[in-house]
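Shown below: entry30.cif, with mmCIF, C-alpha atoms.
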```cif
data_run
#
loop_
_atom_site.label_atom_id
_atom_site.label_comp_id
_atom_site.auth_asym_id
_atom_site.auth_seq_id
_atom_site.Cartn_x
_atom_site.Cartn_y
_atom_site.Cartn_z
CA GLN A 959 87.46 142.38 115.68
CA LEU A 960 89.40 144.06 112.90
CA GLY A 961 92.33 146.10 114.15
CA GLN A 962 90.93 148.58 116.60
CA HIS A 963 87.37 148.15 115.36
CA ASN A 964 84.82 145.84 116.96
CA LEU A 965 82.30 144.63 114.37
CA SER A 966 78.89 143.27 115.27
CA HIS A 967 77.99 139.76 114.21
CA LEU A 968 76.63 139.47 110.70
CA PRO A 969 73.04 138.20 110.49
CA THR A 970 72.67 134.60 109.48
CA VAL A 971 72.25 134.25 105.73
CA VAL A 972 69.50 131.80 104.81
CA SER A 973 67.78 130.81 101.61
CA MET A 974 64.42 132.27 100.66
CA ASP A 975 62.51 129.03 101.28
CA GLN A 976 63.88 128.86 104.84
CA LEU A 977 62.88 132.48 105.42
CA VAL A 978 59.34 131.82 104.18
CA GLY A 979 59.13 128.64 106.24
CA PHE A 980 60.13 130.53 109.37
CA ASP A 981 57.02 132.71 109.16
CA GLY A 982 53.96 130.86 107.84
CA LYS A 983 52.09 134.12 107.29
CA ILE A 984 54.35 134.95 104.36
CA LEU A 985 53.35 131.78 102.50
CA ASN A 986 49.66 132.44 103.21
CA ARG A 987 49.82 135.98 101.87
CA ILE A 988 51.67 134.97 98.72
CA SER A 989 49.14 132.18 98.11
CA LEU A 990 46.23 134.61 98.51
CA LEU A 991 47.79 136.85 95.85
CA ILE A 992 47.27 134.10 93.24
CA ASN A 993 43.83 135.62 92.77
CA TYR A 994 44.52 139.31 93.33
CA GLN A 995 41.65 141.13 91.63
CA ASP A 996 42.50 141.91 87.99
CA GLN A 997 46.28 142.19 88.46
CA GLU A 998 47.31 139.30 86.21
CA GLU A 999 51.04 139.86 86.61
CA ILE A 1000 50.80 139.68 90.41
CA CYS A 1001 48.70 136.51 90.10
CA PHE A 1002 51.21 134.96 87.70
CA LEU A 1003 54.28 135.82 89.78
CA SER A 1004 52.61 134.64 93.00
CA THR A 1005 51.84 131.32 91.34
CA ARG A 1006 55.45 130.97 90.21
CA ILE A 1007 56.75 131.74 93.72
CA VAL A 1008 54.49 129.13 95.34
CA HIS A 1009 55.52 126.67 92.62
CA LEU A 1010 59.22 127.24 93.30
CA LEU A 1011 58.71 126.95 97.06
CA SER A 1012 56.91 123.64 96.60
CA SER A 1013 59.92 122.25 94.72
CA SER A 1014 62.45 123.52 97.27
CA LYS A 1015 63.55 121.98 100.58
CA LEU A 1016 60.42 123.52 102.06
CA GLY A 1017 58.29 121.45 99.67
CA PRO A 1018 57.03 118.75 102.06
CA ASN A 1019 55.86 121.42 104.52
CA VAL A 1020 54.11 123.78 102.09
CA ALA A 1021 50.86 121.81 101.81
CA THR A 1022 50.80 121.10 105.54
CA SER A 1023 51.29 124.76 106.36
CA LEU A 1024 48.56 125.97 104.00
CA SER A 1025 46.05 123.29 104.97
CA SER A 1026 46.34 124.21 108.65
CA SER A 1027 45.95 127.93 107.93
CA LYS A 1028 42.75 129.82 108.71
CA ASP A 1029 42.92 131.07 105.10
CA ALA A 1030 42.96 127.56 103.60
CA ASN A 1031 39.47 127.74 102.06
CA ALA A 1032 40.08 131.28 100.79
CA ILE A 1033 43.31 130.19 99.08
CA VAL A 1034 41.64 127.19 97.40
CA PHE A 1035 38.68 129.34 96.32
CA GLY A 1036 41.04 131.95 94.85
CA VAL A 1037 42.81 129.32 92.75
CA SER A 1038 39.47 127.95 91.52
CA GLU A 1039 38.35 131.47 90.55
CA ARG A 1040 41.53 131.98 88.54
CA LEU A 1041 41.13 128.62 86.80
CA SER A 1042 37.53 129.49 85.89
CA ILE A 1043 38.41 132.64 83.92
CA ASN A 1044 37.64 131.64 80.35
CA LEU A 1045 39.50 133.60 77.69
CA PRO A 1046 40.54 132.58 74.16
CA GLU A 1047 43.88 130.82 74.00
CA VAL A 1048 46.25 132.67 71.67
CA THR A 1049 48.26 130.32 69.46
CA THR A 1050 49.78 132.20 66.55
CA CYS A 1051 53.29 132.07 65.17
CA ASP A 1052 54.29 135.33 66.86
CA ASP A 1053 52.94 134.68 70.36
CA TYR A 1054 56.40 134.00 71.75
CA GLU A 1055 56.98 137.76 71.62
CA TYR A 1056 54.30 138.22 74.27
CA ASP A 1057 54.07 135.00 76.23
CA ILE A 1058 56.28 131.99 75.61
CA ASN A 1059 54.06 129.89 77.90
CA ASN A 1060 51.37 129.86 75.21
CA ILE A 1061 53.42 127.82 72.74
CA PRO A 1062 55.81 125.55 74.67
CA PHE A 1063 55.73 122.81 72.03
CA TRP A 1064 56.96 125.15 69.30
CA LEU A 1065 60.17 125.93 71.19
CA ALA A 1066 60.05 129.49 69.91
CA LYS A 1067 63.20 130.42 71.84
CA ASN A 1068 65.15 129.22 68.79
CA THR A 1069 63.43 131.81 66.58
CA MET A 1070 63.41 134.87 68.81
CA LYS A 1071 65.26 136.92 66.18
CA ASN A 1072 62.78 135.99 63.47
CA THR A 1073 60.33 138.81 64.24
CA TYR A 1074 57.44 139.89 62.07
CA ASN A 1075 56.02 143.29 62.96
CA TYR A 1076 52.49 142.97 61.65
CA PRO A 1077 50.11 145.85 62.44
CA SER A 1078 47.91 144.63 65.26
CA ASP A 1079 45.84 145.88 68.17
CA PHE A 1080 46.93 142.89 70.25
CA GLU A 1081 47.50 143.79 73.89
CA ARG A 1082 49.69 141.67 76.09
CA ARG A 1083 47.78 139.75 78.73
CA LEU A 1084 48.69 137.08 81.25
CA ASN A 1085 45.28 135.53 81.92
CA THR A 1086 46.12 132.44 79.89
CA SER A 1087 49.55 132.24 81.47
CA VAL A 1088 48.11 132.25 85.00
CA ARG A 1089 45.97 129.21 84.24
CA LEU A 1090 48.87 127.43 82.56
CA ALA A 1091 51.17 128.31 85.47
CA LEU A 1092 48.65 126.89 87.95
CA LEU A 1093 48.37 123.68 85.98
CA ASN A 1094 52.17 123.43 85.78
CA LEU A 1095 52.25 123.79 89.57
CA LEU A 1096 49.66 121.03 90.01
CA ILE A 1097 51.35 118.70 87.50
CA ASP A 1098 54.77 119.03 89.15
CA ASN A 1099 53.26 118.51 92.59
CA ALA A 1100 51.52 115.32 91.43
CA GLN A 1101 54.86 113.65 90.75
CA PRO A 1102 56.77 113.60 94.09
CA SER A 1103 56.49 110.38 96.08
CA PHE A 1104 55.91 112.14 99.41
CA SER A 1105 52.55 113.33 100.72
CA PRO A 1106 50.88 115.69 101.20
CA THR A 1107 51.72 117.93 98.27
CA LEU A 1108 50.08 121.06 96.95
CA VAL A 1109 48.09 119.10 94.38
CA GLU A 1110 46.38 117.21 97.21
CA PHE A 1111 45.69 120.42 99.11
CA PHE A 1112 44.40 122.46 96.16
CA LEU A 1113 42.23 119.66 94.72
CA GLY A 1114 40.52 118.78 97.99
CA TYR A 1115 42.04 115.44 98.97
CA ASP A 1116 41.60 114.53 102.62
CA LEU A 1117 45.19 114.64 103.86
CA ASN A 1118 44.44 112.41 106.85
CA ALA A 1119 42.13 109.80 105.29
CA GLU A 1120 42.84 106.28 104.08
CA PRO A 1121 43.89 105.89 100.40
CA LEU A 1122 40.44 104.66 99.35
CA THR A 1123 38.57 107.63 100.84
CA LYS A 1124 41.00 110.49 100.21
CA LEU A 1125 38.76 111.96 97.51
CA GLN A 1126 34.99 111.87 97.87
CA ASP A 1127 32.00 114.21 97.94
CA THR A 1128 30.51 114.93 101.34
CA ASP A 1129 28.29 117.65 102.74
CA THR A 1130 31.21 119.25 104.57
CA ASN A 1131 34.02 119.29 101.98
CA GLN A 1132 32.47 121.04 98.97
CA ALA A 1133 34.51 124.19 99.57
CA SER A 1134 37.77 122.24 99.34
CA LEU A 1135 36.78 120.56 96.05
CA VAL A 1136 36.11 123.71 94.02
CA CYS A 1137 39.48 123.59 92.23
CA LEU A 1138 39.00 120.01 91.11
CA HIS A 1139 35.47 120.83 89.97
CA SER A 1140 36.81 123.81 87.97
CA ILE A 1141 39.25 121.56 86.11
CA LEU A 1142 36.61 118.90 85.45
CA ASP A 1143 34.21 121.60 84.25
CA MET A 1144 36.81 122.76 81.74
CA LEU A 1145 37.26 119.22 80.40
CA ARG A 1146 33.46 118.75 80.29
CA GLN A 1147 33.15 121.63 77.83
CA GLY A 1148 31.35 120.48 74.69
CA LEU A 1149 30.74 116.92 75.93
CA ASP A 1150 27.02 117.37 76.55
CA ASN A 1151 26.11 118.78 73.15
CA GLU A 1152 23.79 115.87 72.33
CA ASP A 1153 21.87 116.27 75.57
CA ILE A 1154 21.67 120.01 75.07
CA GLY A 1155 20.30 119.52 71.58
CA GLU A 1156 17.53 117.24 72.84
CA ASP A 1157 16.55 119.61 75.63
CA THR A 1158 16.54 122.74 73.48
CA MET A 1159 14.89 121.59 70.23
CA MET A 1160 12.54 124.57 70.31
CA ASP A 1161 15.26 127.09 71.12
CA ASP A 1162 16.75 128.50 67.91
CA THR A 1163 19.44 130.39 69.84
CA ALA A 1164 20.96 127.30 71.46
CA LYS A 1165 24.40 126.57 70.05
CA PRO A 1166 26.57 123.57 70.93
CA SER A 1167 29.88 124.48 72.51
CA GLN A 1168 33.19 123.25 71.12
CA LEU A 1169 35.40 120.79 72.92
CA MET A 1170 38.10 122.28 75.07
CA ILE A 1171 40.75 120.48 73.03
CA ASP A 1172 39.56 122.56 70.04
CA THR A 1173 39.28 125.94 71.77
CA HIS A 1174 42.17 125.65 74.27
CA PRO A 1175 44.48 122.87 73.02
CA ILE A 1176 47.43 123.63 75.30
CA LEU A 1177 45.27 124.05 78.39
CA ALA A 1178 43.44 120.82 77.57
CA GLU A 1179 46.74 119.00 77.12
CA LYS A 1180 47.87 120.08 80.58
CA CYS A 1181 44.53 119.15 82.16
CA TYR A 1182 44.76 115.66 80.71
CA GLU A 1183 48.33 115.33 81.91
CA LEU A 1184 47.25 116.37 85.41
CA ILE A 1185 44.47 113.75 85.44
CA TYR A 1186 46.99 111.13 84.33
CA ARG A 1187 49.43 112.12 87.09
CA LEU A 1188 46.68 111.96 89.72
CA CYS A 1189 45.62 108.51 88.54
CA ALA A 1190 49.23 107.31 88.57
CA LYS A 1191 50.34 108.77 91.92
CA LYS A 1192 50.64 106.16 94.62
CA GLY A 1193 48.48 106.98 97.61
CA ILE A 1194 45.76 108.87 95.73
CA SER A 1195 45.40 106.73 92.60
CA THR A 1196 42.62 104.48 93.91
CA SER A 1197 40.42 107.26 95.25
CA THR A 1198 40.99 109.38 92.11
CA LEU A 1199 40.00 106.60 89.71
CA ARG A 1200 36.94 105.75 91.76
CA TYR A 1201 35.87 109.40 91.99
CA LEU A 1202 36.21 110.02 88.24
CA ARG A 1203 34.42 106.79 87.36
CA ASN A 1204 31.50 107.11 89.78
CA ARG A 1205 30.87 110.85 89.75
CA GLU A 1206 31.85 111.94 86.25
CA ASP A 1207 31.82 108.79 84.10
CA PHE A 1208 34.95 110.65 83.06
CA PHE A 1209 36.87 108.15 80.97
CA TYR A 1210 33.95 106.99 78.82
CA LYS A 1211 32.86 110.53 77.96
CA GLN A 1212 36.36 111.80 77.26
CA PHE A 1213 37.39 108.88 75.07
CA SER A 1214 34.09 109.05 73.19
CA SER A 1215 34.67 112.71 72.34
CA MET A 1216 38.26 112.07 71.27
CA SER A 1217 37.31 109.28 68.86
CA SER A 1218 34.75 111.44 67.07
CA ARG A 1219 37.28 114.25 66.80
CA LEU A 1220 39.83 111.94 65.18
CA GLU A 1221 37.28 110.76 62.62
CA HIS A 1222 36.47 114.36 61.75
CA ASN A 1223 40.12 115.32 61.30
CA ILE A 1224 40.74 112.50 58.87
CA GLU A 1225 38.75 114.48 56.31
CA VAL A 1226 40.98 117.55 56.65
CA GLU A 1227 43.20 117.83 53.59
CA SER A 1228 45.85 120.11 55.05
CA THR A 1229 46.82 121.39 58.46
CA SER A 1230 45.86 124.99 59.20
CA PHE A 1231 46.84 127.19 62.09
CA PRO A 1232 44.25 129.44 63.77
#
```

Could you show the structure in this file as structure tokens?
Amino acid sequence: QLGQHNLSHLPTVVSMDQLVGFDGKILNRISLLINYQDQEEICFLSTRIVHLLSSSKLGPNVATSLSSSKDANAIVFGVSERLSINLPEVTTCDDYEYDINNIPFWLAKNTMKNTYNYPSDFERRLNTSVRLALLNLLIDNAQPSFSPTLVEFFLGYDLNAEPLTKLQDTDTNQASLVCLHSILDMLRQGLDNEDIGEDTMMDDTAKPSQLMIDTHPILAEKCYELIYRLCAKKGISTSTLRYLRNREDFFYKQFSSMSSRLEHNIEVESTSFP
């Protein structure tokens, strides 16, 4: 009451994560928008929202809520589809004008005023940023000590299994593993060139593909960091290491490709930017 006026009670003010947690449908719909047709900006912003929610007080409940949703497989499939979009990674000195996520290690924020207006037909796009944003989400969710997290949900870990069997291929869980397979497929790029060469000796059009670390260095860096975080996270480390060793022969193939790349680069006289 204020003087002669009776005022109604003000609605309770809550944070955004509490509001989203109150109605699980909101989280489901935002997660489905991660792969919203060809609207890259919507996909990017949806990814960032889910990422922020996972690091808020709602964090421990995000994975549980999504995994129990009827849209769980659709959400995981949408993320895998977005990760599978293969476009060139732009890494030039002026990319900070369009997308600072493309060159995080250059810290271009210190040179924002140093602008060069070269004539170009370059059109701003966020496809690369969506993939990087998804990997940032997975990397950050591989670090908390609690379980389950979004990295376990998106990559197909069995949230209720014992540590040794949290990650394994079965006839019934292939739909939940599509995101992990998308990431492993990216890192497998260019690794089978020798086998391809033997199988296609009579095919003059067959061309070996380049390693991902050559074509998408920043994306590859984040994929390797994610694999490291998964192998180091208590509770899923054992099953992750066993899965990568038995199914992919991952470590041998990756280290073999890296060693050959280092030998090749020793012959380069000077560093050149693409």

Residue nearest Ala1119 of chain A - candidates A:Asn1031, A:Gln976, A:Ser1197, A:Ser1134, atoms counted: only C-alpha atoms: A:Ser1197

Evaluate the PyMOL selection byres ((chain A and resi 1111) around 12) and report residues as a PyMOL selection string: chain A and resi 1012+1018-1027+1030-1031+1033-1035+1037+1096+1099-1100+1105-1110+1112-1118+1124-1125+1133-1138

File of the preceding selection, C-alpha atoms, as a PDB file, in the coordinates of the input:
```
ATOM      1  CA  SER A1012      56.910 123.640  96.600  1.00  0.00           C
ATOM      2  CA  PRO A1018      57.030 118.750 102.060  1.00  0.00           C
ATOM      3  CA  ASN A1019      55.860 121.420 104.520  1.00  0.00           C
ATOM      4  CA  VAL A1020      54.110 123.780 102.090  1.00  0.00           C
ATOM      5  CA  ALA A1021      50.860 121.810 101.810  1.00  0.00           C
ATOM      6  CA  THR A1022      50.800 121.100 105.540  1.00  0.00           C
ATOM      7  CA  SER A1023      51.290 124.760 106.360  1.00  0.00           C
ATOM      8  CA  LEU A1024      48.560 125.970 104.000  1.00  0.00           C
ATOM      9  CA  SER A1025      46.050 123.290 104.970  1.00  0.00           C
ATOM     10  CA  SER A1026      46.340 124.210 108.650  1.00  0.00           C
ATOM     11  CA  SER A1027      45.950 127.930 107.930  1.00  0.00           C
ATOM     12  CA  ALA A1030      42.960 127.560 103.600  1.00  0.00           C
ATOM     13  CA  ASN A1031      39.470 127.740 102.060  1.00  0.00           C
ATOM     14  CA  ILE A1033      43.310 130.190  99.080  1.00  0.00           C
ATOM     15  CA  VAL A1034      41.640 127.190  97.400  1.00  0.00           C
ATOM     16  CA  PHE A1035      38.680 129.340  96.320  1.00  0.00           C
ATOM     17  CA  VAL A1037      42.810 129.320  92.750  1.00  0.00           C
ATOM     18  CA  LEU A1096      49.660 121.030  90.010  1.00  0.00           C
ATOM     19  CA  ASN A1099      53.260 118.510  92.590  1.00  0.00           C
ATOM     20  CA  ALA A1100      51.520 115.320  91.430  1.00  0.00           C
ATOM     21  CA  SER A1105      52.550 113.330 100.720  1.00  0.00           C
ATOM     22  CA  PRO A1106      50.880 115.690 101.200  1.00  0.00           C
ATOM     23  CA  THR A1107      51.720 117.930  98.270  1.00  0.00           C
ATOM     24  CA  LEU A1108      50.080 121.060  96.950  1.00  0.00           C
ATOM     25  CA  VAL A1109      48.090 119.100  94.380  1.00  0.00           C
ATOM     26  CA  GLU A1110      46.380 117.210  97.210  1.00  0.00           C
ATOM     27  CA  PHE A1112      44.400 122.460  96.160  1.00  0.00           C
ATOM     28  CA  LEU A1113      42.230 119.660  94.720  1.00  0.00           C
ATOM     29  CA  GLY A1114      40.520 118.780  97.990  1.00  0.00           C
ATOM     30  CA  TYR A1115      42.040 115.440  98.970  1.00  0.00           C
ATOM     31  CA  ASP A1116      41.600 114.530 102.620  1.00  0.00           C
ATOM     32  CA  LEU A1117      45.190 114.640 103.860  1.00  0.00           C
ATOM     33  CA  ASN A1118      44.440 112.410 106.850  1.00  0.00           C
ATOM     34  CA  LYS A1124      41.000 110.490 100.210  1.00  0.00           C
ATOM     35  CA  LEU A1125      38.760 111.960  97.510  1.00  0.00           C
ATOM     36  CA  ALA A1133      34.510 124.190  99.570  1.00  0.00           C
ATOM     37  CA  SER A1134      37.770 122.240  99.340  1.00  0.00           C
ATOM     38  CA  LEU A1135      36.780 120.560  96.050  1.00  0.00           C
ATOM     39  CA  VAL A1136      36.110 123.710  94.020  1.00  0.00           C
ATOM     40  CA  CYS A1137      39.480 123.590  92.230  1.00  0.00           C
ATOM     41  CA  LEU A1138      39.000 120.010  91.110  1.00  0.00           C
TER      42      LEU A1138
END
```

Nearest to Asp1098 of chain A, chosen from A:Lys1028, A:Arg1203, A:Arg1146, A:Lys1191, with all atoms listed in the file counted in the distances: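 Counting all atoms listed in the file, the residue closest to Asp1098 of chain A is A:Lys1191.
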
Selection result of the PyMOL selection byres ((chain A and resi 1202) around 12) on this file, as a PyMOL selection string: chain A and resi 1125-1127+1138-1139+1142+1185-1186+1188-1189+1195-1201+1203-1212

Nearest to Met1216 of chain A by atom-to-atom distance, counting only C-alpha atoms, from A:Met1170, A:Leu1090, A:Ala1190, A:Ile1176: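 Selected residue with least distance to Met1216 of chain A: A:Met1170.
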
Interatomic distance (Å, one decimal) between atom CA of Ala1032 of chain A and atom CA of Leu1045 of chain A: 23.2 Å

Surrounding residues of Thr1173 of chain A excluding itself and chain neighbours under 3 positions, 8 Å, only C-alpha atoms, as a PyMOL selection string: chain A and resi 1046-1047+1168-1170

Separation of atom CA of Glu1039 of chain A from atom CA of Asp1143 of chain A, in Å and rounded to one decimal: 12.4 Å

Length of the atom CA of Arg1187 of chain A to atom CA of Ser1004 of chain A vector [Å]: 23.5 Å

Using all atoms listed in the file: which of A:Gly1036, A:Ser973, A:Leu1011, A:Arg1006 has the shortest distance to Leu990 of chain A: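 Using all atoms listed in the file, Leu990 of chain A sits closest to A:Gly1036.
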
Selected residue, from A:Thr1123, A:Pro1102, A:Ile1171, A:Tyr1182, that lies nearest to Ile1194 of chain A when counting all atoms listed in the file: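 Result for the nearest residue to Ile1194 of chain A: A:Thr1123.
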